[in-house]
Each structure stands twice: as structure tokens, then as C-alpha cells.
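Listing of model-v9.txt, compact mmCIF, C-alpha atoms
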```txt
# COMPACT_ATOMS: atom_id res chain seq x y z
CA MET A 1 125.05 89.97 201.43
CA SER A 2 125.61 93.26 203.25
CA ASN A 3 125.07 93.72 206.97
CA GLU A 4 121.48 94.77 206.24
CA LYS A 5 118.99 92.48 208.00
CA PHE A 6 117.40 89.97 205.63
CA SER A 7 113.73 90.84 205.02
CA THR A 8 111.13 91.13 202.31
CA ASP A 9 112.81 94.45 201.41
CA THR A 10 115.84 92.47 200.27
CA LEU A 11 114.02 91.84 197.00
CA ARG A 12 113.09 95.47 196.40
CA LEU A 13 113.64 96.58 192.81
CA ASP A 14 114.29 99.87 191.06
CA CYS A 15 111.73 99.15 188.36
CA ALA A 16 112.60 102.12 186.16
CA ALA A 17 116.28 101.23 186.03
CA GLU A 18 115.56 97.52 185.58
CA ALA A 19 113.10 98.13 182.77
CA GLU A 20 115.64 100.31 180.97
CA LYS A 21 118.30 97.62 181.31
CA ILE A 22 116.00 94.91 179.93
CA ILE A 23 114.89 97.15 177.06
CA ASP A 24 118.51 97.87 176.11
CA VAL A 25 119.31 94.14 176.05
CA LEU A 26 116.20 93.36 174.01
CA ARG A 27 117.19 95.89 171.38
CA GLU A 28 120.81 94.78 171.29
CA VAL A 29 120.04 91.07 171.01
CA VAL A 30 116.97 91.10 168.74
CA LEU A 31 117.83 93.92 166.35
CA ARG A 32 121.61 93.96 166.22
CA ARG A 33 122.81 90.44 167.01
CA PHE A 34 119.92 88.34 165.68
CA LYS A 35 118.97 90.91 163.03
CA LYS A 36 115.26 90.33 163.54
CA ARG A 37 112.53 92.92 162.96
CA GLY A 38 110.58 92.38 166.19
CA VAL A 39 109.33 89.74 168.59
CA VAL A 40 106.54 87.24 169.12
CA VAL A 41 105.10 87.01 172.65
CA ALA A 42 102.80 84.16 173.66
CA LEU A 43 100.19 85.77 175.91
CA SER A 44 98.63 83.54 178.55
CA GLY A 45 96.79 86.20 180.51
CA GLY A 46 99.31 85.73 183.32
CA ILE A 47 101.64 88.20 184.96
CA ASP A 48 104.87 86.96 183.35
CA SER A 49 103.83 87.08 179.70
CA SER A 50 102.06 90.40 180.28
CA VAL A 51 105.24 91.94 181.70
CA VAL A 52 107.32 90.55 178.83
CA GLY A 53 104.82 91.91 176.30
CA SER A 54 104.86 95.32 177.97
CA LEU A 55 108.66 95.48 178.01
CA CYS A 56 108.82 94.45 174.36
CA VAL A 57 106.40 97.21 173.34
CA ARG A 58 108.64 99.71 175.11
CA ALA A 59 111.68 98.24 173.40
CA PHE A 60 110.39 97.97 169.82
CA GLY A 61 107.10 99.83 169.62
CA LYS A 62 103.67 98.24 169.34
CA GLY A 63 104.07 97.75 165.58
CA ARG A 64 106.92 95.25 166.07
CA VAL A 65 105.40 93.06 168.78
CA PHE A 66 103.09 90.21 167.76
CA GLY A 67 100.90 88.62 170.43
CA LEU A 68 99.89 85.00 170.14
CA LEU A 69 96.88 83.59 172.02
CA MET A 70 96.74 79.79 172.12
CA PRO A 71 93.87 78.37 174.19
CA GLU A 72 92.78 74.74 174.22
CA LYS A 73 89.80 72.91 175.65
CA ASP A 74 91.31 72.61 179.15
CA SER A 75 92.14 76.33 179.38
CA ALA A 76 90.28 78.37 181.98
CA PRO A 77 87.73 80.80 180.50
CA GLU A 78 89.61 83.80 181.92
CA THR A 79 92.80 82.80 180.06
CA LEU A 80 91.53 84.04 176.70
CA GLU A 81 89.74 87.00 178.28
CA LEU A 82 92.88 88.24 180.05
CA SER A 83 95.09 87.51 177.05
CA ARG A 84 92.86 89.75 174.93
CA LEU A 85 92.81 92.32 177.70
CA ILE A 86 96.62 92.72 177.69
CA SER A 87 96.89 92.63 173.88
CA ASP A 88 94.22 95.34 173.60
CA HIS A 89 95.94 97.31 176.36
CA LEU A 90 99.25 97.14 174.48
CA GLU A 91 97.54 97.78 171.12
CA ILE A 92 99.52 95.05 169.37
CA ALA A 93 98.59 92.79 166.47
CA THR A 94 97.54 89.30 167.57
CA ALA A 95 96.43 85.92 166.32
CA CYS A 96 94.32 83.42 168.23
CA GLU A 97 95.25 79.81 167.51
CA ASP A 98 93.02 77.27 169.27
CA ILE A 99 95.32 74.27 169.59
CA THR A 100 92.66 71.74 170.64
CA GLY A 101 92.50 70.13 167.21
CA ILE A 102 96.27 69.70 166.98
CA LEU A 103 96.39 68.18 170.46
CA GLU A 104 93.59 65.76 169.61
CA SER A 105 95.36 64.72 166.42
CA VAL A 106 98.54 63.69 168.30
CA GLY A 107 96.58 61.97 171.07
CA CYS A 108 97.40 64.41 173.88
CA TYR A 109 94.12 63.96 175.75
CA ARG A 110 93.75 60.26 174.89
CA ARG A 111 97.23 59.36 176.10
CA ARG A 112 96.75 61.38 179.30
CA ASP A 113 93.38 59.79 180.00
CA GLU A 114 94.73 56.27 179.42
CA ALA A 115 97.29 56.85 182.17
CA ILE A 116 94.71 58.27 184.58
CA LYS A 117 92.40 55.30 184.02
CA ARG A 118 95.15 52.94 185.15
CA VAL A 119 94.87 54.36 188.66
CA VAL A 120 91.28 55.67 188.58
CA PRO A 121 89.28 53.13 186.52
CA GLN A 122 86.03 55.10 186.68
CA TYR A 123 87.61 58.14 185.03
CA GLY A 124 85.88 58.89 181.74
CA PRO A 125 83.95 61.43 179.63
CA GLY A 126 82.86 64.48 181.59
CA TYR A 127 85.55 64.07 184.25
CA LYS A 128 88.12 66.75 185.03
CA CYS A 129 91.62 66.24 186.40
CA LYS A 130 94.86 67.69 187.76
CA ILE A 131 98.00 66.35 189.41
CA VAL A 132 99.27 67.64 192.77
CA LEU A 133 102.16 67.36 195.22
CA PRO A 134 102.01 67.53 199.05
CA SER A 135 103.29 70.77 200.56
CA VAL A 136 106.96 70.74 201.41
CA LEU A 137 106.12 72.94 204.43
CA GLU A 138 103.59 70.59 206.00
CA ASP A 139 104.88 67.15 205.16
CA LYS A 140 108.27 65.68 206.00
CA ARG A 141 107.64 62.50 204.02
CA TYR A 142 108.92 61.76 200.54
CA ARG A 143 106.54 63.63 198.26
CA ILE A 144 104.82 61.74 195.45
CA PHE A 145 102.43 63.10 192.85
CA SER A 146 98.74 62.26 193.10
CA VAL A 147 95.99 62.71 190.54
CA VAL A 148 92.77 64.44 191.54
CA VAL A 149 89.73 63.71 189.39
CA GLN A 150 86.29 65.28 189.54
CA SER A 151 83.22 63.43 188.28
CA PRO A 152 80.50 65.16 186.24
CA GLU A 153 78.50 65.26 189.50
CA GLY A 154 81.27 67.16 191.26
CA GLU A 155 82.64 64.33 193.40
CA GLN A 156 86.44 64.44 193.79
CA THR A 157 88.81 61.51 194.19
CA LYS A 158 92.54 61.71 194.94
CA VAL A 159 94.81 58.75 194.14
CA ARG A 160 98.58 58.43 194.36
CA LEU A 161 100.13 57.99 190.92
CA THR A 162 102.36 55.11 189.93
CA PRO A 163 105.65 56.20 188.31
CA SER A 164 104.56 55.01 184.87
CA ALA A 165 101.17 56.74 185.08
CA TYR A 166 102.78 59.98 186.24
CA LEU A 167 105.36 59.96 183.47
CA GLN A 168 102.75 59.29 180.78
CA ILE A 169 100.46 62.06 182.06
CA VAL A 170 103.33 64.55 182.02
CA ALA A 171 104.60 63.35 178.64
CA ALA A 172 101.14 63.70 177.09
CA THR A 173 100.54 67.08 178.69
CA ASN A 174 103.86 68.38 177.36
CA PHE A 175 102.31 68.28 173.88
CA LYS A 176 100.55 71.50 174.89
CA GLN A 177 103.69 73.55 175.50
CA ARG A 178 105.49 72.09 172.50
CA THR A 179 102.56 72.77 170.18
CA ARG A 180 102.40 76.37 171.34
CA LYS A 181 106.11 76.86 170.75
CA MET A 182 105.80 75.35 167.27
CA LEU A 183 103.20 77.98 166.42
CA GLU A 184 105.31 80.74 167.98
CA TYR A 185 108.15 79.85 165.66
CA TYR A 186 105.81 79.69 162.67
CA HIS A 187 104.74 83.27 163.24
CA ALA A 188 108.29 84.35 164.10
CA ASP A 189 109.59 82.82 160.86
CA ARG A 190 106.95 84.41 158.66
CA LEU A 191 107.51 87.84 160.25
CA ASN A 192 111.29 87.58 160.60
CA TYR A 193 110.81 88.05 164.35
CA ALA A 194 112.49 86.49 167.39
CA THR A 195 110.59 84.43 169.95
CA THR A 196 110.44 85.41 173.59
CA GLY A 197 110.37 83.19 176.66
CA THR A 198 108.45 84.30 179.73
CA PRO A 199 109.83 82.39 182.74
CA ASN A 200 110.61 84.26 185.93
CA ARG A 201 113.56 83.30 188.12
CA GLN A 202 111.63 80.68 190.11
CA GLU A 203 110.54 78.89 186.97
CA TYR A 204 113.89 79.16 185.20
CA ASP A 205 115.94 78.09 188.23
CA GLN A 206 113.70 75.20 189.25
CA GLY A 207 113.04 73.82 185.78
CA PHE A 208 109.34 74.67 185.68
CA PHE A 209 109.16 74.50 181.90
CA VAL A 210 109.05 71.96 179.09
CA LYS A 211 112.21 71.38 177.09
CA LEU A 212 111.63 72.44 173.48
CA GLY A 213 108.27 73.75 174.64
CA ASP A 214 107.90 76.88 176.74
CA GLY A 215 111.58 76.40 177.59
CA ALA A 216 112.56 77.23 173.99
CA ALA A 217 113.03 80.88 173.05
CA ASP A 218 115.47 83.27 171.44
CA ILE A 219 115.49 85.56 174.47
CA LYS A 220 114.09 85.35 178.01
CA PRO A 221 113.81 88.90 179.32
CA ILE A 222 112.71 88.27 182.93
CA ALA A 223 114.42 84.98 183.82
CA HIS A 224 116.60 86.85 186.33
CA LEU A 225 113.65 88.45 188.17
CA TYR A 226 112.07 86.86 191.22
CA LYS A 227 108.29 86.47 191.07
CA THR A 228 107.61 89.28 193.54
CA GLN A 229 109.84 91.53 191.43
CA VAL A 230 107.80 90.64 188.34
CA TYR A 231 104.67 91.80 190.16
CA LYS A 232 106.38 95.08 191.05
CA MET A 233 107.45 95.47 187.43
CA ALA A 234 103.85 94.86 186.33
CA GLU A 235 102.68 97.75 188.49
CA PHE A 236 105.38 99.99 187.07
CA LEU A 237 104.45 99.01 183.50
CA ASP A 238 100.75 99.63 184.15
CA VAL A 239 99.67 96.04 183.46
CA PRO A 240 95.87 95.85 183.95
CA ARG A 241 94.79 95.18 187.54
CA GLU A 242 92.76 92.11 186.54
CA ILE A 243 95.97 90.39 185.43
CA CYS A 244 97.96 91.49 188.47
CA ASP A 245 95.23 90.06 190.73
CA ARG A 246 95.14 86.67 189.01
CA PRO A 247 96.79 83.98 191.18
CA PRO A 248 99.69 82.11 189.51
CA THR A 249 98.23 79.10 187.70
CA THR A 250 99.47 76.32 185.46
CA ASP A 251 96.35 76.50 183.25
CA THR A 252 97.31 73.09 181.96
CA TYR A 253 94.78 70.68 183.47
CA SER A 254 91.00 70.83 183.27
CA MET A 255 90.62 71.39 187.03
CA GLN A 256 91.70 74.72 188.47
CA GLN A 257 95.26 74.39 189.72
CA SER A 258 97.81 76.69 191.32
CA GLN A 259 101.54 76.52 190.61
CA GLU A 260 102.04 75.98 194.32
CA GLU A 261 100.11 72.70 194.51
CA PHE A 262 101.53 71.40 191.24
CA PHE A 263 105.23 72.19 191.50
CA PHE A 264 106.65 74.73 193.94
CA CYS A 265 104.68 73.56 197.01
CA VAL A 266 105.35 76.95 198.65
CA PRO A 267 103.52 80.29 198.13
CA TYR A 268 105.44 82.32 195.58
CA ASP A 269 106.36 85.15 197.97
CA LYS A 270 107.83 82.73 200.51
CA MET A 271 109.49 80.77 197.72
CA ASP A 272 111.20 83.94 196.50
CA LEU A 273 112.69 84.56 199.93
CA CYS A 274 113.82 80.95 200.26
CA LEU A 275 115.34 80.90 196.77
CA TYR A 276 117.15 84.19 197.36
CA GLY A 277 118.33 82.93 200.73
CA LYS A 278 119.60 79.72 199.19
CA ASN A 279 121.37 81.65 196.43
CA HIS A 280 123.05 84.03 198.87
CA SER A 281 123.84 81.61 201.74
CA VAL A 282 121.38 83.22 204.15
CA SER A 283 120.72 81.11 207.24
CA ALA A 284 117.46 79.19 207.41
CA GLN A 285 116.61 81.02 210.63
CA ASP A 286 116.99 84.47 209.04
CA VAL A 287 114.92 83.45 206.01
CA GLY A 288 112.30 81.90 208.29
CA ASP A 289 112.03 85.09 210.34
CA ALA A 290 111.40 87.09 207.15
CA ALA A 291 109.05 84.58 205.52
CA GLY A 292 107.04 83.57 208.55
CA LEU A 293 108.41 80.03 208.48
CA THR A 294 110.36 77.90 210.92
CA ALA A 295 114.03 77.24 210.28
CA GLU A 296 113.16 73.56 209.79
CA GLN A 297 110.63 74.44 207.08
CA VAL A 298 113.18 76.63 205.30
CA GLU A 299 115.73 73.82 205.43
CA ARG A 300 113.17 71.55 203.77
CA VAL A 301 112.60 74.16 201.06
CA TYR A 302 116.38 74.48 200.59
CA ARG A 303 116.64 70.72 200.08
CA ASP A 304 113.71 70.80 197.66
CA ILE A 305 115.33 73.62 195.66
CA GLU A 306 118.53 71.60 195.30
CA ALA A 307 116.63 68.43 194.44
CA LYS A 308 114.72 70.20 191.66
CA ARG A 309 117.95 71.69 190.30
CA ASN A 310 119.49 68.23 190.17
CA ALA A 311 116.41 66.68 188.56
CA THR A 312 115.80 69.39 185.95
CA GLY A 313 119.31 70.54 185.12
CA TYR A 314 119.27 68.70 181.81
CA LEU A 315 116.40 70.94 180.67
CA HIS A 316 118.92 73.77 180.36
CA THR A 317 121.43 71.80 178.31
CA ARG A 318 122.09 72.18 174.61
CA PRO A 319 122.47 69.10 172.41
CA VAL A 320 125.69 67.34 173.34
CA LEU A 321 128.29 66.92 170.60
CA VAL A 322 130.93 64.22 170.63
CA GLU A 323 133.42 66.75 169.31
CA LYS A 324 133.27 70.53 169.19
CA VAL A 325 132.70 71.94 165.71
CA GLU A 326 135.17 74.81 165.69
CA GLU A 327 133.77 76.46 162.58
CA ILE A 328 130.48 77.30 164.33
CA HIS A 329 130.78 80.57 166.21
CA ILE A 330 128.40 81.46 169.03
CA TYR A 331 128.16 84.93 170.51
CA PRO A 332 130.65 84.68 173.42
CA GLU A 333 128.31 86.44 175.84
CA LEU A 334 125.52 83.97 175.00
CA ARG A 335 127.45 80.75 175.56
CA SER A 336 126.13 80.02 179.05
```

Have the structure of the file written as C-alpha cells, please.
Amino acid sequence: MSNEKFSTDTLRLDCAAEAEKIIDVLREVVLRRFKKRGVVVALSGGIDSSVVGSLCVRAFGKGRVFGLLMPEKDSAPETLELSRLISDHLEIATACEDITGILESVGCYRRRDEAIKRVVPQYGPGYKCKIVLPSVLEDKRYRIFSVVVQSPEGEQTKVRLTPSAYLQIVAATNFKQRTRKMLEYYHADRLNYATTGTPNRQEYDQGFFVKLGDGAADIKPIAHLYKTQVYKMAEFLDVPREICDRPPTTDTYSMQQSQEEFFFCVPYDKMDLCLYGKNHSVSAQDVGDAAGLTAEQVERVYRDIEAKRNATGYLHTRPVLVEKVEEIHIYPELRS
């Protein structure tokens, strides 16, 4: 850190220079190292995938970017609408693969619902659901996931999850991300394209992805950018306003759910400042002054950041070998 006072301006970004850097890396990795013809981008209608799609079009041209839309029965109606909006805006070829049938065939919904019924016996057809965490800013207690269910009549019930019920719900839900990635690689293989990952720095750092699901990709162009920087990049790239105005969402459960209540427990702009502060050894007081938080709240966020890193570190690991196979050469700059 320089002597400059820590503030929201600390995360300011030269979008033109950053876009050029990302585009250069995309071309080098995809075309020259991997020797692929283009890229597949899974479009969710969210800010991250829209920015990745826009950068890829600038890198390869619209004729070498393939957009994949993969809704399922729990997806919000605007997900498909906004996904089509960005693909039309970019003028790229797309395919829409409704994954509901695949998920039903492997028991995704059935397995999830079995776990919910163990803690909410009345849960059944017509009900909606989501899982949530208490805010790290407002609650000093040990935070445990709860399930929220909504009856067909609109009545909501919130029940703390047992460890086994929580793990089964997450395990069943992970079918969604892994199914989508399977289809991404199908289209990438048939086109001789590379697959792209769309996590921002918050998601990549904190393990907000599914291993061998949305965590799998050949290249992740914006994993180094903080969420607020991704929004600035979206403005620079002329991403449609409707997408820029959409709040960050998981779009995973049938009830509307923000990323904040499901995982981060802090608004994304405050989380960016806390994560940057943690990464650069900024005092909790200085981060709190910039983010509108108390030093105690920032310390709690710092502890939560470290706890998530410890819990999700294995998501970043490659398969472990008993002995190194010397004959297999990996690009030195891609080893980490």
C-alpha cells in the first residue's frame, strides 16, 4: 500500500488498459498455447458472464464466441431473458439447453427435497426453497445454514439445517453446475473451442463455485477483478443496462436469493473493500471508515474470509499424484 488513504477509490480501474491486457492473454492462451479456434461462454444473464462474453468477442470476434444458455425449472424468468439480451447484443451464435430433464434423471430435485423434508416435514409439491446464512455483520454467533421454504399459499418457514441435511441439499444442488459444465465441454469439443470460467475475485478467492462444475474451465479471464471492478468493466464494455442493474444472485434455488444471504453475508461493495484490505494488510479501522462499518465488523469479515479460504482451499487443487510423472509437461506459467 502507498501512503494514499484507503477508500473506495483504492479499487479504481483503468478499464481500457485492463481490457487490453485480458484480451492479449485470451488470445495467447486460447489460440497459441491451447491451439483452439474460439471459446464457449455460459451466459447466465449476470454481470460476470456478460463481461467475459464481451471481452471474448473483442479478443476473437463474434464468429468465434459461442454462447450457451442453460436454464432449468428453478431458474428465475429473467435469467433466460437477460441471457438472450447479452447474446443478441454481442451478436454471437448460441444454443439453449434446458437442463431440467437431465437434473430430474439423476435425482437432483428428489434428493434435495428428501433432505429438506427431514427438517420441514410439510415440504412438498408446490413449495419453493432456498438456504441462507446469518449476516456476519449483525451476528457474532457461530453461523449455521437454515432452509427457508414457502408454501403454495405464500407462507414462509425458516428452520436451521442439520449437518446431514445441509450437505445433501448442497450435494444435490451441485448437479446443476456440473451438468452445465458437461454441456459446455460438449460444445467446446465439437467446435474445437476452449471453455471459459466466469468467477470474479470474490468468488474465486472464497471458493464460491462447485469443483468440476462452474469451477472447471480452460481460462478464467476475470478471476483477478474485484466485483466492483467487474461492474466498471461492464460499463466500459457497454453491457446492457438491464444486466448491470440486476442484483447479484445465485439463481440456484426456486426462491429468489442473493449471493449475500447465501454465501458472502456482506454486500458485494463492502466485501470488496474488506477482501482488498485483508489482502493488503489494511487495518480494520481504515477499512471500516471506507466501508461504513465498525472495526469490529471488519475483523469479523476478516475472520470469515480466512475461514472460507481454509474450508474451500481444496476446491482449487488438482488431483494429487503419489509420484510426479516427469514426462508430462505443463506450461510453466500455468502451474499455479

Inset, instruction - Tell me which of A:Ala17, A:Ala234, A:Ile219, A:Ala115 sits closest to A:Val29, counting only C-alpha atoms. - result: A:Ile219

Legend entry - One-decimal distance in Å that lies between atom CA of A:Asn310 and atom CA of A:Asp289: 27.3 Å

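One distance worth recording is that between atom CA of A:Ala311 and atom CA of A:Val120, which is 27.4 Å.
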
Inset, instruction - Name the residues in contact with A:Gly154 at a cut-off of 12 Å, using all atoms listed in the file, excluding same-chain residues fewer than 5 positions from it; report them as a list in words. - result: Gly126, Tyr127, Lys128, Cys129, Val148, Val149 and Met255 of chain A

Inset, instruction - Enumerate, as a PyMOL selection string, the protein, DNA and RNA residues whose atoms approach (105.9, 79.1, 195.4) to within 12 Å, taking into account only C-alpha atoms and the coordinate frame of the file. - result: chain A and resi 135-137+200-203+206+208+226-228+247-249+258-275+291+301+304-305

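For A:Gly213, the residues within 12 Å (counting all atoms listed in the file, excluding itself and residues fewer than 4 positions away along the chain) are Ala42, Ala171, Thr173, Asn174, Phe175, Lys176, Gln177, Arg178, Thr179, Arg180, Lys181, Met182, Leu183, Glu184, Tyr185, Thr195, Thr196, Gly197, Thr198, Pro199, Phe208, Phe209, Ala217 and Leu315 of chain A.
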
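Here atom CA of A:Tyr193 stands at a distance of 4.7 Å from atom CA of A:Gly38.
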
Inset, instruction - For stretch 57-70 of chain A, list every protein, DNA or RNA residue within 8 Å, evaluated using only C-alpha atoms, and leave out those in the same chain fewer than 4 positions away; present the list as a PyMOL selection string. - result: chain A and resi 23-24+26-27+37-44+53+80+83-84+87+90-99+180+184

Inset, instruction - Write out as a PyMOL selection string each polymer residue whose atoms come within 8 Å of A:Leu13, counting all atoms listed in the file; drop sequence neighbours fewer than 2 positions from it. - result: chain A and resi 11+15+18+229+232

Inset, instruction - May I ask which of the residues A:Thr294, A:Gln168, A:Ser75, A:Ser54 is the closest one to A:Asp113, counting all atoms listed in the file? - result: A:Gln168

Inset, instruction - Please provide as a list in words all residues within 9 Å of stretch 163-166 of chain A, with the sequence filter that same-chain residues fewer than 6 positions apart are discarded (counting all atoms listed in the file). - result: Arg112, Glu114, Ala115, Ile116, Lys117, Arg118, Val119, Ile131, Phe145, Ser146 and Val147 of chain A

Legend entry - Proximity to A:Lys5 - best of A:Leu293, A:Val298, A:Val287, A:Cys56, all atoms listed in the file: A:Val287

Inset, instruction - Find, counting only C-alpha atoms, the residue in A:Val132, A:Val106, A:Ala194, A:Ile243 that gets nearest to A:Lys220. - result: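 That would be A:Ala194, the residue with the smallest distance to A:Lys220.
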
Legend entry - Best match for closeness to A:Asp205 among A:Ala290, A:Leu133, A:Val282, A:Ala307, counting only C-alpha atoms: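 Between A:Ala290, A:Leu133, A:Val282, A:Ala307, the residue approaching A:Asp205 most closely is A:Ala307.
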